[in-house]
$ cat final25.txt   # compact mmCIF, C-alpha atoms
# COMPACT_ATOMS: atom_id res chain seq x y z
CA MET A 1 3.19 9.66 46.71
CA LYS A 2 4.73 7.26 44.18
CA LEU A 3 6.32 8.81 41.11
CA VAL A 4 6.68 6.66 38.00
CA LYS A 5 9.01 7.99 35.31
CA VAL A 6 8.21 6.44 31.95
CA TYR A 7 10.61 6.56 28.98
CA VAL A 8 9.34 5.68 25.52
CA THR A 9 11.85 5.22 22.71
CA LEU A 10 11.80 3.95 19.14
CA LYS A 11 12.83 0.35 18.56
CA ASP A 12 16.32 -0.04 17.12
CA SER A 13 14.83 -1.34 13.87
CA VAL A 14 13.00 1.97 13.27
CA LEU A 15 14.93 4.90 11.81
CA ASP A 16 14.87 7.76 14.34
CA ALA A 17 14.57 10.67 11.88
CA GLN A 18 14.51 13.33 14.63
CA GLY A 19 17.50 11.77 16.39
CA GLU A 20 19.42 11.82 13.10
CA ALA A 21 18.56 15.48 12.49
CA ILE A 22 19.64 16.38 16.03
CA LYS A 23 22.86 14.42 15.58
CA SER A 24 23.73 16.36 12.44
CA ALA A 25 23.07 19.65 14.31
CA ILE A 26 25.35 18.48 17.14
CA HIS A 27 28.05 17.61 14.62
CA SER A 28 27.71 21.04 13.02
CA MET A 29 28.39 22.51 16.48
CA GLY A 30 31.71 20.71 16.38
CA TYR A 31 30.95 17.85 18.78
CA ASN A 32 32.01 15.18 16.34
CA LYS A 33 32.55 12.55 19.03
CA VAL A 34 28.80 12.08 19.42
CA GLU A 35 28.17 8.84 17.56
CA ASN A 36 24.46 8.43 18.01
CA VAL A 37 21.44 10.44 19.20
CA GLY A 38 18.16 8.80 20.13
CA MET A 39 15.07 10.83 20.83
CA GLY A 40 12.16 9.63 22.89
CA LYS A 41 9.34 10.73 25.17
CA TYR A 42 9.25 11.15 28.93
CA PHE A 43 6.17 10.93 31.17
CA GLU A 44 5.61 11.30 34.90
CA LEU A 45 2.72 9.42 36.50
CA ARG A 46 1.89 9.91 40.16
CA PHE A 47 -0.04 7.49 42.38
CA ALA A 48 -1.26 7.75 45.96
CA ASP A 49 0.78 5.72 48.47
CA ASP A 50 -2.17 3.61 49.52
CA TYR A 51 -2.57 2.18 46.01
CA SER A 52 -0.37 -0.87 45.56
CA ASP A 53 -1.53 -2.16 42.17
CA PHE A 54 -0.06 0.74 40.25
CA GLU A 55 2.59 -1.21 38.35
CA LYS A 56 -0.09 -3.25 36.62
CA ASP A 57 -1.80 0.02 35.68
CA VAL A 58 1.41 1.54 34.37
CA ASP A 59 2.03 -1.48 32.13
CA ALA A 60 -1.49 -1.29 30.74
CA ILE A 61 -1.30 2.48 30.21
CA CYS A 62 2.02 2.12 28.39
CA ASP A 63 0.78 -0.77 26.24
CA ASP A 64 -2.53 0.87 25.34
CA LEU A 65 -1.62 4.53 25.08
CA LEU A 66 1.85 5.88 25.84
CA ALA A 67 3.78 3.53 23.53
CA ASN A 68 2.92 2.00 20.17
CA PRO A 69 4.28 -1.57 20.33
CA ASN A 70 4.71 -1.63 16.54
CA ILE A 71 7.47 0.95 16.69
CA GLU A 72 8.31 1.76 20.30
CA THR A 73 9.50 0.23 23.57
CA TYR A 74 9.18 1.63 27.08
CA ARG A 75 10.79 1.32 30.47
CA TYR A 76 10.03 3.01 33.77
CA GLU A 77 11.49 3.86 37.15
CA ILE A 78 9.54 4.00 40.39
CA MET A 79 10.50 6.46 43.12
CA GLU A 80 9.14 8.18 46.17
CA ALA A 81 7.81 11.68 45.60
CA GLU A 82 6.36 14.31 47.88
CA MET B 1 -25.15 4.50 0.00
CA LYS B 2 -24.99 6.60 3.11
CA PHE B 3 -21.57 7.62 4.40
CA ALA B 4 -20.48 8.99 7.77
CA VAL B 5 -17.51 11.39 7.86
CA ILE B 6 -16.14 11.38 11.40
CA ASN B 7 -15.26 14.76 12.79
CA PHE B 8 -12.54 14.68 15.48
CA PRO B 9 -11.23 17.84 17.13
CA GLY B 10 -8.49 18.83 14.70
CA SER B 11 -9.84 17.03 11.62
CA ASN B 12 -9.44 19.36 8.66
CA CYS B 13 -10.24 17.33 5.55
CA ASP B 14 -13.76 16.47 6.66
CA MET B 15 -15.46 18.88 4.28
CA ASP B 16 -13.31 17.75 1.34
CA LEU B 17 -14.48 14.19 1.99
CA TYR B 18 -18.05 15.38 2.43
CA TYR B 19 -18.04 17.12 -0.96
CA ALA B 20 -16.27 14.18 -2.63
CA VAL B 21 -19.21 11.98 -1.63
CA ARG B 22 -22.00 14.52 -2.13
CA ASP B 23 -20.84 15.99 -5.44
CA GLY B 24 -18.27 13.47 -6.69
CA ILE B 25 -20.36 10.30 -6.46
CA GLU B 26 -23.70 11.88 -5.53
CA GLN B 27 -24.39 9.74 -2.48
CA GLN B 28 -25.76 10.58 0.96
CA VAL B 29 -23.24 11.84 3.50
CA GLU B 30 -23.30 13.25 7.03
CA LEU B 31 -20.68 14.65 9.36
CA VAL B 32 -20.65 12.64 12.59
CA ASP B 33 -19.21 14.05 15.80
CA TYR B 34 -16.49 12.06 17.59
CA ARG B 35 -18.71 11.99 20.71
CA ALA B 36 -21.57 10.25 18.90
CA GLN B 37 -22.41 6.77 20.19
CA SER B 38 -23.86 5.19 17.07
CA LEU B 39 -23.32 4.79 13.32
CA GLU B 40 -26.73 3.19 12.90
CA GLY B 41 -28.12 3.72 9.41
CA PHE B 42 -24.77 4.28 7.69
CA ASP B 43 -23.23 1.95 5.10
CA GLY B 44 -19.68 3.23 5.20
CA VAL B 45 -17.45 5.30 7.48
CA LEU B 46 -14.80 7.75 6.29
CA ILE B 47 -12.10 9.02 8.65
CA PRO B 48 -10.67 12.29 7.35
CA GLY B 49 -7.21 13.81 7.37
CA GLY B 50 -6.05 16.54 9.69
CA PHE B 51 -4.42 16.66 13.08
CA SER B 52 -6.81 15.03 15.51
CA TYR B 53 -6.01 16.18 19.05
CA GLY B 54 -3.11 18.20 17.65
CA ASP B 55 -1.16 15.01 16.91
CA TYR B 56 -0.36 14.97 20.65
CA LEU B 57 1.52 11.89 21.87
CA ARG B 58 1.55 10.25 18.39
CA SER B 59 -0.59 10.97 15.31
CA GLY B 60 -3.94 9.30 15.86
CA ALA B 61 -3.10 7.97 19.33
CA ILE B 62 -5.64 10.02 21.29
CA ALA B 63 -8.46 9.70 18.76
CA VAL B 64 -8.46 5.95 19.38
CA HIS B 65 -10.08 6.61 22.76
CA ALA B 66 -12.99 8.73 21.46
CA PRO B 67 -16.56 7.42 21.97
CA ILE B 68 -17.36 6.90 18.25
CA VAL B 69 -14.41 4.53 17.82
CA LYS B 70 -16.17 1.45 19.18
CA GLU B 71 -18.67 1.92 16.33
CA ILE B 72 -15.84 2.15 13.78
CA ILE B 73 -14.50 -1.14 15.17
CA ARG B 74 -17.96 -2.68 14.87
CA PHE B 75 -18.18 -1.54 11.22
CA ALA B 76 -14.78 -3.01 10.46
CA ASN B 77 -15.66 -6.33 12.12
CA GLU B 78 -19.00 -6.53 10.31
CA GLY B 79 -17.24 -6.19 6.96
CA LYS B 80 -18.59 -2.73 6.23
CA ILE B 81 -16.57 -0.12 4.37
CA VAL B 82 -14.06 1.83 6.48
CA LEU B 83 -11.72 4.29 4.76
CA GLY B 84 -9.08 6.31 6.61
CA ILE B 85 -7.16 8.98 4.75
CA CYS B 86 -3.95 10.56 6.07
CA ASN B 87 -4.69 11.15 9.79
CA GLY B 88 -7.51 8.64 9.28
CA PHE B 89 -4.89 6.05 8.24
CA GLN B 90 -2.81 6.93 11.31
CA ILE B 91 -5.88 6.42 13.52
CA LEU B 92 -6.64 3.02 11.92
CA THR B 93 -3.09 1.76 12.55
CA GLU B 94 -3.14 3.08 16.13
CA LEU B 95 -6.44 1.24 16.56
CA GLY B 96 -4.90 -1.98 15.31
CA LEU B 97 -7.49 -2.30 12.53
CA LEU B 98 -4.61 -1.99 10.08
CA PRO B 99 -1.08 -3.37 10.55
CA GLY B 100 2.06 -1.24 10.88
CA ALA B 101 2.49 2.40 11.86
CA LEU B 102 3.02 5.82 10.28
CA ILE B 103 6.09 7.62 11.53
CA GLN B 104 7.96 10.80 10.77
CA ASN B 105 9.03 11.15 7.13
CA GLY B 106 12.56 9.93 6.47
CA GLN B 107 13.74 13.44 5.63
CA SER B 108 12.05 14.94 8.74
CA ARG B 109 9.98 17.53 6.94
CA PHE B 110 6.40 18.02 5.91
CA ILE B 111 5.72 17.12 2.27
CA CYS B 112 2.88 18.74 0.35
CA GLU B 113 2.76 17.86 -3.34
CA THR B 114 0.98 15.76 -5.93
CA VAL B 115 2.65 12.38 -6.33
CA ALA B 116 2.29 9.42 -8.67
CA LEU B 117 0.93 6.19 -7.19
CA ARG B 118 0.71 2.71 -8.63
CA VAL B 119 -2.51 0.77 -8.09
CA VAL B 120 -0.98 -2.51 -6.92
CA ASN B 121 -4.24 -4.30 -6.15
CA ASN B 122 -7.28 -3.36 -8.25
CA GLU B 123 -9.50 -6.10 -6.84
CA THR B 124 -10.65 -4.36 -3.68
CA ALA B 125 -13.81 -2.51 -2.71
CA PHE B 126 -11.80 0.70 -3.09
CA THR B 127 -9.91 0.10 -6.33
CA ASN B 128 -12.08 -2.04 -8.65
CA GLY B 129 -12.55 0.98 -10.94
CA TYR B 130 -8.82 1.23 -11.67
CA SER B 131 -6.80 -1.05 -13.88
CA LYS B 132 -3.95 -3.09 -12.39
CA ASN B 133 -0.73 -1.09 -12.16
CA GLU B 134 -2.54 2.06 -13.27
CA ILE B 135 -0.53 5.17 -12.42
CA ILE B 136 -2.59 7.86 -10.73
CA ASN B 137 -1.77 11.36 -9.49
CA ILE B 138 -2.96 12.11 -5.95
CA PRO B 139 -1.86 14.87 -3.55
CA ILE B 140 -0.08 14.09 -0.30
CA ALA B 141 0.28 16.44 2.69
CA HIS B 142 1.95 14.89 5.71
CA GLY B 143 4.86 15.08 8.11
CA GLU B 144 4.35 11.60 9.52
CA GLY B 145 3.53 9.39 6.58
CA ARG B 146 6.41 6.97 6.46
CA TYR B 147 4.82 3.54 6.56
CA TYR B 148 6.66 1.15 8.82
CA CYS B 149 6.10 -2.52 9.58
CA ASP B 150 8.41 -5.37 10.51
CA ASP B 151 9.52 -7.99 8.00
CA LYS B 152 7.02 -10.57 9.21
CA THR B 153 4.11 -8.16 8.78
CA LEU B 154 5.40 -7.15 5.35
CA SER B 155 5.43 -10.75 4.13
CA GLU B 156 1.86 -11.18 5.41
CA LEU B 157 0.76 -8.00 3.62
CA GLU B 158 2.33 -9.27 0.41
CA ALA B 159 0.97 -12.80 0.75
CA ASN B 160 -2.59 -11.50 1.28
CA ASN B 161 -2.40 -8.78 -1.40
CA GLN B 162 -3.11 -6.13 1.25
CA ILE B 163 -0.83 -3.53 -0.30
CA VAL B 164 -3.11 -1.42 -2.48
CA PHE B 165 -1.12 1.70 -3.41
CA LYS B 166 2.62 2.28 -3.74
CA TYR B 167 4.50 5.53 -4.39
CA LEU B 168 6.33 5.46 -7.73
CA GLU B 169 9.07 7.47 -6.11
CA ASN B 170 9.51 6.76 -2.40
CA VAL B 171 8.79 10.30 -1.19
CA ASN B 172 8.84 9.67 2.57
CA GLY B 173 10.94 6.54 3.07
CA SER B 174 8.05 4.09 3.50
CA VAL B 175 8.74 0.36 3.65
CA GLU B 176 8.44 -0.98 0.08
CA HIS B 177 7.06 2.42 -1.12
CA ILE B 178 3.76 1.61 0.62
CA ALA B 179 1.12 4.37 0.40
CA GLY B 180 -2.02 2.42 1.30
CA VAL B 181 -2.94 -0.96 2.82
CA THR B 182 -6.08 -2.87 3.66
CA ASN B 183 -6.89 -5.27 6.46
CA LYS B 184 -6.99 -9.00 5.72
CA GLN B 185 -10.72 -8.92 4.90
CA LYS B 186 -10.11 -5.91 2.60
CA ASN B 187 -13.05 -3.87 3.88
CA VAL B 188 -10.78 -1.41 5.71
CA LEU B 189 -8.38 0.79 3.71
CA GLY B 190 -5.88 3.29 5.04
CA MET B 191 -3.88 5.56 2.74
CA MET B 192 -1.71 8.64 3.22
CA PRO B 193 -2.53 10.32 -0.16
CA HIS B 194 -5.72 12.35 -0.43
CA PRO B 195 -8.11 11.02 -3.12
CA GLU B 196 -10.79 13.44 -1.87
CA ARG B 197 -8.56 16.29 -3.09
CA ALA B 198 -8.41 14.78 -6.59
CA ILE B 199 -12.06 14.79 -7.58
CA GLU B 200 -12.14 17.49 -10.28
CA LYS B 201 -9.75 18.10 -13.16
CA ILE B 202 -9.92 21.83 -12.58
CA LEU B 203 -8.18 21.23 -9.24
CA GLY B 204 -5.31 19.36 -10.86
CA SER B 205 -6.48 15.74 -10.97
CA ASP B 206 -9.65 13.70 -10.87
CA ASP B 207 -7.81 10.42 -10.35
CA GLY B 208 -9.30 10.08 -6.87
CA LEU B 209 -12.87 9.92 -8.12
CA LYS B 210 -12.58 6.29 -9.23
CA LEU B 211 -11.77 5.27 -5.65
CA PHE B 212 -15.13 6.53 -4.45
CA GLN B 213 -16.91 5.10 -7.50
CA SER B 214 -15.26 1.74 -6.75
CA ILE B 215 -16.95 1.68 -3.34
CA ILE B 216 -20.33 2.12 -5.04
CA ASN B 217 -19.54 -0.62 -7.58
CA TYR B 218 -18.60 -2.92 -4.73
CA GLN B 219 -21.73 -2.18 -2.71
CA VAL B 220 -23.99 -2.75 -5.73
CA LYS B 221 -22.34 -6.15 -6.22
CA VAL B 222 -22.72 -7.05 -2.54
CA ASN B 223 -26.37 -6.01 -2.51
CA ASN B 224 -27.16 -8.21 -5.50
$ encode --input "final25.txt" --output "structure tokens"
Amino acid sequence: MKLVKVYVTLKDSVLDAQGEAIKSAIHSMGYNKVENVGMGKYFELRFADDYSDFEKDVDAICDDLLANPNIETYRYEIMEAE
Amino acid sequence: MKFAVINFPGSNCDMDLYYAVRDGIEQQVELVDYRAQSLEGFDGVLIPGGFSYGDYLRSGAIAVHAPIVKEIIRFANEGKIVLGICNGFQILTELGLLPGALIQNGQSRFICETVALRVVNNETAFTNGYSKNEIINIPIAHGEGRYYCDDKTLSELEANNQIVFKYLENVNGSVEHIAGVTNKQKNVLGMMPHPERAIEKILGSDDGLKLFQSIINYQVKVNN
């Protein structure tokens, strides 16, 4: 089984309102050394081993559904899974 | 005119829109299920507010893959009237029928209040009943209504007069106070404020009524 871990995050040009709110909570806990917090989304896609075209599929799925190219970027890691 | 109000799982302003058309401008209107395959016989399509598919993934992102959507795209491409309000606006941007995106409000909380808007462009199918720069009071109710687009898109919007409504006070941190935009052809409008909730004075404002009347004015002109 192939496991694809997809990370979707906001582009740098877009204000990450949730990240900012989390950062201010972290600061209120006393961890003032934290300079920035970014929040994103994490997905796990699994493919059967005998399917080799999966990277093309992952790109299409990210472009058409998991990420909105107007505001977000994505990256992914491929690993072996049981 | 005969309007379709699309009903997605999680839509919750569908009946408000229905009554705005039926009682506000006294035109024909039907609720259309998201699984329907055809919008044959309708003149305009209205996409209501709410939380389609629970706002899972991103607001409007899942609705884009519902069966009825290919008909909405057809309507838009044929120059017919398409209006998306609130979640409807989010769906239209996710679809790519309108530029930009709606993201979480700058202050990270849900805003529910009546706000003042400026009618920036009164020469559209949706705003010909207003005067230019008219100030109107329309309710908003959204957590993810901050309009975002990049600088290039913004200059295109400005050059083509696609910005239709702006907030007087920038309540959610939108680029250039933008509250509503059209596509290039100006037959598709998306807006975060709810004109269908401003149809009768007794409910606070009837400033939304002219938007629906404008659509009728436009259609009469087109038909002649």
$ residues_around --input "final25.txt" --residues "Tyr76 (chain A)" --least-positions-apart "5" --cutoff "10 Å" --atoms "only C-alpha atoms" --output "ChimeraX atom specification"
/A:4-8,42-44,55,58-59,62
$ atom_distance --input "final25.txt" --atom1 "CA of His177 (chain B)" --atom2 "CA of Pro193 (chain B)"
12.5 Å
$ interface_residues --input "final25.txt" --of "chain B" --to "chain A" --cutoff "7 Å" --atoms "only C-alpha atoms" --output "list in words"
Ala61, Gly100, Ala101, Gln104, Gly106, Gln107 and Ser108 of chain B
$ closest_residue --input "final25.txt" --among "A:Leu45, A:Tyr51, A:Ile61, A:Ser28" --to "Ala81 (chain A)" --atoms "all atoms listed in the file"
A:Leu45
$ residues_around --input "final25.txt" --residues "Phe75 (chain B)" --least-positions-apart "5" --cutoff "10 Å" --atoms "all atoms listed in the file" --output "ChimeraX atom specification"
/B:39-40,42-45,69-70,80-82,187-188
$ write_last_selection --input "final25.txt" --atoms "C-alpha atoms" --output "compact mmCIF listing (two decimals), keeping the file's coordinate frame"
# COMPACT_ATOMS: atom_id res chain seq x y z
CA LEU B 39 -23.32 4.79 13.32
CA GLU B 40 -26.73 3.19 12.90
CA PHE B 42 -24.77 4.28 7.69
CA ASP B 43 -23.23 1.95 5.10
CA GLY B 44 -19.68 3.23 5.20
CA VAL B 45 -17.45 5.30 7.48
CA VAL B 69 -14.41 4.53 17.82
CA LYS B 70 -16.17 1.45 19.18
CA LYS B 80 -18.59 -2.73 6.23
CA ILE B 81 -16.57 -0.12 4.37
CA VAL B 82 -14.06 1.83 6.48
CA ASN B 187 -13.05 -3.87 3.88
CA VAL B 188 -10.78 -1.41 5.71
$ atom_distance --input "final25.txt" --atom1 "CA of Arg46 (chain A)" --atom2 "CA of Asp63 (chain A)"
17.6 Å
$ closest_residue --input "final25.txt" --among "B:Val181, B:Cys86, B:Ala63, B:Val32" --to "Val120 (chain B)" --atoms "all atoms listed in the file"
B:Val181
$ atom_distance --input "final25.txt" --atom1 "CA of Asp12 (chain A)" --atom2 "CA of Thr73 (chain A)"
9.4 Å
$ residues_around --input "final25.txt" --residues "region 20-28 of chain B" --least-positions-apart "2" --cutoff "7 Å" --atoms "only C-alpha atoms" --output "list in words"
Met1, Lys2, Phe3, Asp16, Leu17, Tyr18, Glu196, Ile199, Leu209, Phe212 and Gln213 of chain B
$ build_atoms --input "final25.txt" --residues "region 61-78 of chain A" --atoms "N, CA and C atoms" --output "tab-separated table (two decimals), in the coordinates of the input"
chain	number	residue	atom	x	y	z
A	61	ILE	N	-1.27	1.13	30.80
A	61	ILE	CA	-1.30	2.48	30.21
A	61	ILE	C	-0.23	2.62	29.12
A	62	CYS	N	0.94	2.07	29.39
A	62	CYS	CA	2.02	2.12	28.39
A	62	CYS	C	1.64	1.31	27.15
A	63	ASP	N	1.13	0.10	27.37
A	63	ASP	CA	0.78	-0.77	26.24
A	63	ASP	C	-0.35	-0.17	25.40
A	64	ASP	N	-1.33	0.44	26.06
A	64	ASP	CA	-2.53	0.87	25.34
A	64	ASP	C	-2.50	2.32	24.89
A	65	LEU	N	-1.59	3.12	25.44
A	65	LEU	CA	-1.62	4.53	25.08
A	65	LEU	C	-0.24	5.15	24.88
A	66	LEU	N	0.61	5.09	25.90
A	66	LEU	CA	1.85	5.88	25.84
A	66	LEU	C	2.83	5.38	24.79
A	67	ALA	N	2.85	4.07	24.53
A	67	ALA	CA	3.78	3.53	23.53
A	67	ALA	C	2.99	2.77	22.47
A	68	ASN	N	3.49	2.81	21.25
A	68	ASN	CA	2.92	2.00	20.17
A	68	ASN	C	3.84	0.80	19.97
A	69	PRO	N	3.38	-0.40	20.36
A	69	PRO	CA	4.28	-1.57	20.33
A	69	PRO	C	4.82	-1.92	18.94
A	70	ASN	N	4.18	-1.39	17.89
A	70	ASN	CA	4.71	-1.63	16.54
A	70	ASN	C	6.07	-0.96	16.33
A	71	ILE	N	6.26	0.17	16.97
A	71	ILE	CA	7.47	0.95	16.69
A	71	ILE	C	8.28	1.34	17.93
A	72	GLU	N	7.66	1.22	19.11
A	72	GLU	CA	8.31	1.76	20.30
A	72	GLU	C	8.45	0.72	21.41
A	73	THR	N	9.40	0.98	22.33
A	73	THR	CA	9.50	0.23	23.57
A	73	THR	C	9.46	1.22	24.72
A	74	TYR	N	9.19	0.73	25.92
A	74	TYR	CA	9.18	1.63	27.08
A	74	TYR	C	9.86	0.96	28.26
A	75	ARG	N	10.31	1.80	29.18
A	75	ARG	CA	10.79	1.32	30.47
A	75	ARG	C	10.41	2.37	31.50
A	76	TYR	N	10.36	1.99	32.77
A	76	TYR	CA	10.03	3.01	33.77
A	76	TYR	C	10.76	2.79	35.08
A	77	GLU	N	10.86	3.88	35.84
A	77	GLU	CA	11.49	3.86	37.15
A	77	GLU	C	10.44	4.30	38.17
A	78	ILE	N	10.49	3.65	39.34
A	78	ILE	CA	9.54	4.00	40.39
A	78	ILE	C	10.30	4.67	41.53
